[in-house]
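Enquirer: Structure below; questions to follow.
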Amino acid sequence: MAFTIPTDIENRPVAVIGAGTLGRRIALMFATRGGLVRIYDTSHQADEAALSYVEQHVAEVAAKIEGGEPGRVTVTHDLAEALRDAWLVVEAIPERLDLKKEIFGELDRAARPDTILASNSSSYATSEFIDRVEHPERVLNMHFYMPPQQNAIDLMSDGHTDPAILDLLMRELPRYGIFPFVAHQESTGFIFNRVWAAIKREALEVVAEGVSTPEDVDEMWKINMGLGTGPFRMMDQVGLDVVLDIENHYAQERPHLPAGPRELLKKYVDAGRLGVKSGRGFYSYDTPA
């Protein structure tokens with residue numbers, strides 16, 4: 001079935017489902033052109049933290065985007081309210097396939113017929129969780145990294161996505177300071193994340209084997225690559241529970257992958273050391289996010 005491309009985008013909101021580390025950053029980027037972004041989450045603590053984060057950074061980020069203007073962000077615990085009149089919905093809930101199947105079934109039933117439904121899943125292709133969706137032609141992956149610092153994103157069809165959606169997003173997303181790249185074949189990990197996964201996994205294995213420490217790996221990375229952050233600090237920013245979920249998914253597809261990285265991550269997660277959001281991961285942080 002052909003999809004009717006949303007119109008009047010300038011005057012319609014974007015909805016973000018999930019107020020976690022990436023959900024709030026996605027909301028921030030879509031709030032840079034003067035429009036409305038609604039964040040939906042079932043946690044009062046998470047959505048208030050997300051709202052505070054966006055309000056703190058939106059003026060600064062909008063100022064760096066040509067034609068940028070700080071917009072409005074609201075939070076709601078009512079999914080129907082979050083979706084009302086939205087031209088785009090971005091799902092950013094935890095990396096659990098059962099949850100994604102459930103939420104996309106709900107989104108497909110509740111959103112307007114011309115609303116684009118996108119998943120920020122970092123490891124699952126949308127083809128894996130559309131069995132409850134009646135209109136897969138409007139569903140796709142829209143995978144963010146760590147905006148506003150890392151603003152390249154992956155777009156990937158669920159196998160049925162109307163090509164006009166990809167054309168629209170390639171045109172529109174750069175206006176929000178977001179730079180899309182299309183994965184031309186279905187790929188677990190998309191484009192950049194497949195490269196990053198290999199680096200991250202080997203860094204974890206070096207530490208799991210006792211060859212080095214997170215701090216030394218990061219320092220060598222920074223010196224040799226000329227970058228300000230190493231892989232362990234980056235994993236802390238994403239959240240070690242999220243990194244573990246992703247690694248577990250890769251391992252299901254590729255049983256030959258070494259277990260050491262997952263075992264190391266699990267030890268930290270079981271101890272409540274999730275990274276920046278808990279105040280302690282591979283590093284310690286003054287204030288939990």
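Chain labels follow the order of the structure tokens: the first chain is A, the next B, and so on; residue numbering restarts at 1 in every chain, and ligands are counted from 1 in their shown order.
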List the spatial neighbours of range 237-243 of chain A as a list in words - criterion: any atom at most 8 Å away, only C-alpha atoms, same-chain residues fewer than 4 positions off excluded.

Expert: Thr21, Leu22, Pro94, Glu95, Met146, Arg233, Glu247, Leu265, Lys266, Tyr268, Val269, Arg273, Leu274, Gly275, Val276, Lys277 and Gly281 of chain A

Enquirer: Can you tell me, as a CSV table (one decimal) with N, CA and C atoms, in the first residue's frame, what residues are no more than 9 Å from range 211-217 of chain A when counting only C-alpha atoms, ignoring any on the same chain fewer than 2 positions away?

Expert:
```csv
chain,number,residue,atom,x,y,z
A,203,ALA,N,37.9,-3.6,22.7
A,203,ALA,CA,38.3,-2.8,23.9
A,203,ALA,C,37.9,-3.6,25.2
A,204,LEU,N,36.7,-4.1,25.2
A,204,LEU,CA,36.2,-4.8,26.4
A,204,LEU,C,37.0,-6.1,26.6
A,205,GLU,N,37.3,-6.8,25.5
A,205,GLU,CA,38.0,-8.0,25.6
A,205,GLU,C,39.4,-7.8,26.1
A,206,VAL,N,40.1,-6.7,25.8
A,206,VAL,CA,41.4,-6.4,26.3
A,206,VAL,C,41.4,-6.2,27.8
A,207,VAL,N,40.3,-5.6,28.3
A,207,VAL,CA,40.2,-5.4,29.7
A,207,VAL,C,39.7,-6.7,30.4
A,208,ALA,N,38.8,-7.5,29.8
A,208,ALA,CA,38.3,-8.7,30.3
A,208,ALA,C,39.5,-9.7,30.5
A,209,GLU,N,40.4,-9.7,29.6
A,209,GLU,CA,41.6,-10.6,29.6
A,209,GLU,C,42.6,-10.1,30.6
A,219,GLU,N,43.1,6.4,27.3
A,219,GLU,CA,44.2,7.4,27.0
A,219,GLU,C,44.9,7.1,25.7
A,220,MET,N,45.2,5.8,25.5
A,220,MET,CA,45.9,5.4,24.2
A,220,MET,C,45.0,5.8,23.0
A,221,TRP,N,43.7,5.6,23.1
A,221,TRP,CA,42.8,5.9,22.0
A,221,TRP,C,42.8,7.4,21.8
A,222,LYS,N,42.8,8.2,22.8
A,222,LYS,CA,42.7,9.6,22.6
A,222,LYS,C,44.0,10.1,22.0
A,230,GLY,N,37.5,8.3,24.9
A,230,GLY,CA,37.8,6.9,24.5
A,230,GLY,C,36.6,6.0,24.6
A,231,PRO,N,36.7,4.8,24.2
A,231,PRO,CA,35.6,3.9,24.1
A,231,PRO,C,34.9,3.6,25.4
A,232,PHE,N,35.6,3.5,26.5
A,232,PHE,CA,35.0,3.2,27.8
A,232,PHE,C,34.2,4.4,28.3
A,233,ARG,N,34.7,5.6,28.1
A,233,ARG,CA,33.9,6.8,28.5
A,233,ARG,C,32.7,6.9,27.6
A,282,PHE,N,32.4,2.5,34.3
A,282,PHE,CA,33.8,2.3,34.3
A,282,PHE,C,34.5,3.5,35.0
A,283,TYR,N,33.9,4.6,35.0
A,283,TYR,CA,34.4,5.8,35.7
A,283,TYR,C,33.3,6.3,36.8
```

Enquirer: Which one of A:Ile5, A:Ala50, A:Ala271, A:Ala31 sits closest to Trp87 in chain A if you count only C-alpha atoms?

Expert: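 Nearest to Trp87 in chain A: A:Ile5.
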
Enquirer: Find the residues around Asp114 in chain A up to 10 Å (only C-alpha atoms counted), leave out those fewer than 6 positions away in its own chain, and share them as a CSV table (one decimal) with N, CA and C atoms, in the first residue's frame.

Expert:
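Resulting contents of out23.csv:
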```
chain,number,residue,atom,x,y,z
A,3,PHE,N,2.0,5.0,0.8
A,3,PHE,CA,1.9,5.8,2.0
A,3,PHE,C,1.7,7.3,1.6
A,4,THR,N,0.8,8.0,2.3
A,4,THR,CA,0.5,9.4,2.0
A,4,THR,C,1.5,10.2,2.9
A,5,ILE,N,2.4,10.9,2.2
A,5,ILE,CA,3.5,11.7,2.9
A,5,ILE,C,2.8,12.8,3.7
A,6,PRO,N,3.3,13.0,5.0
A,6,PRO,CA,2.8,14.0,5.8
A,6,PRO,C,3.0,15.4,5.2
A,7,THR,N,2.0,16.3,5.4
A,7,THR,CA,2.1,17.6,4.9
A,7,THR,C,2.1,18.6,6.1
A,85,ASP,N,-1.6,14.7,16.1
A,85,ASP,CA,-1.2,15.5,15.0
A,85,ASP,C,0.3,15.4,14.6
A,86,ALA,N,1.0,14.5,15.2
A,86,ALA,CA,2.5,14.3,15.0
A,86,ALA,C,2.7,13.9,13.5
A,87,TRP,N,3.7,14.5,12.9
A,87,TRP,CA,4.1,14.1,11.6
A,87,TRP,C,5.2,13.0,11.6
A,88,LEU,N,5.9,12.9,12.8
A,88,LEU,CA,6.9,11.9,13.0
A,88,LEU,C,6.9,11.4,14.4
A,138,ARG,N,5.0,2.6,6.5
A,138,ARG,CA,5.3,3.9,7.2
A,138,ARG,C,6.3,3.7,8.3
```

Enquirer: When distances are computed from only C-alpha atoms, which of A:Ser43, A:Glu60, A:Val73, A:Asn248 shows the smallest separation from Val14 in chain A?

Expert: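 Among the listed residues, A:Val73 lies closest to Val14 in chain A.
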
Enquirer: Might you pull out every residue within 12 Å of Ile103 in chain A, with only C-alpha atoms counted and same-chain residues fewer than 6 positions away left off, and present them as an MDAnalysis selection string?

Expert: chainID A and resid 17:18 40:41 79 89:94 96:97 109:111 117:119 129:133

Enquirer: What would the file look like if the residues just selected were written as a short mmCIF file (atom, residue, chain, number, x, y, z; two decimals), in the first residue's frame with C-alpha atoms?

Expert:
```cif
data_model
loop_
_atom_site.label_atom_id
_atom_site.label_comp_id
_atom_site.auth_asym_id
_atom_site.auth_seq_id
_atom_site.Cartn_x
_atom_site.Cartn_y
_atom_site.Cartn_z
CA ILE A 17 8.58 7.75 22.89
CA GLY A 18 11.00 7.28 25.77
CA TYR A 40 6.08 10.33 26.26
CA ASP A 41 7.30 8.17 29.13
CA LEU A 79 0.25 8.19 24.51
CA VAL A 89 7.20 9.55 15.94
CA VAL A 90 10.59 8.32 17.13
CA GLU A 91 10.62 5.32 19.47
CA ALA A 92 13.51 5.32 21.97
CA ILE A 93 12.57 2.66 24.52
CA PRO A 94 14.88 -0.07 25.91
CA ARG A 96 13.87 -5.40 24.19
CA LEU A 97 12.15 -6.97 21.23
CA ARG A 109 -3.26 1.91 15.75
CA ALA A 110 -3.18 5.33 17.42
CA ALA A 111 -1.18 7.64 15.12
CA LEU A 117 6.85 5.73 12.66
CA ALA A 118 10.60 5.45 13.30
CA SER A 119 12.64 3.36 15.70
CA PHE A 129 9.04 -6.04 15.31
CA ILE A 130 6.31 -5.13 12.81
CA ASP A 131 4.24 -8.30 13.14
CA ARG A 132 1.53 -6.29 14.96
CA VAL A 133 1.71 -3.38 12.50
#
```

Enquirer: Ranking A:Gly272, A:Gly105, A:Pro113, A:Gly260 by minimum distance to Gly210 in chain A and counting only C-alpha atoms, which one comes first?

Expert: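 Under the stated criterion, the closest residue is A:Gly260.
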
Enquirer: Find the spatial neighbours of Thr161 in chain A, counting only C-alpha atoms, within a cut-off of 7 Å - ignore same-chain residues fewer than 6 positions away - and output them as a list in words.

Expert: Pro136, Glu137, Arg138, Val139 and Leu140 of chain A
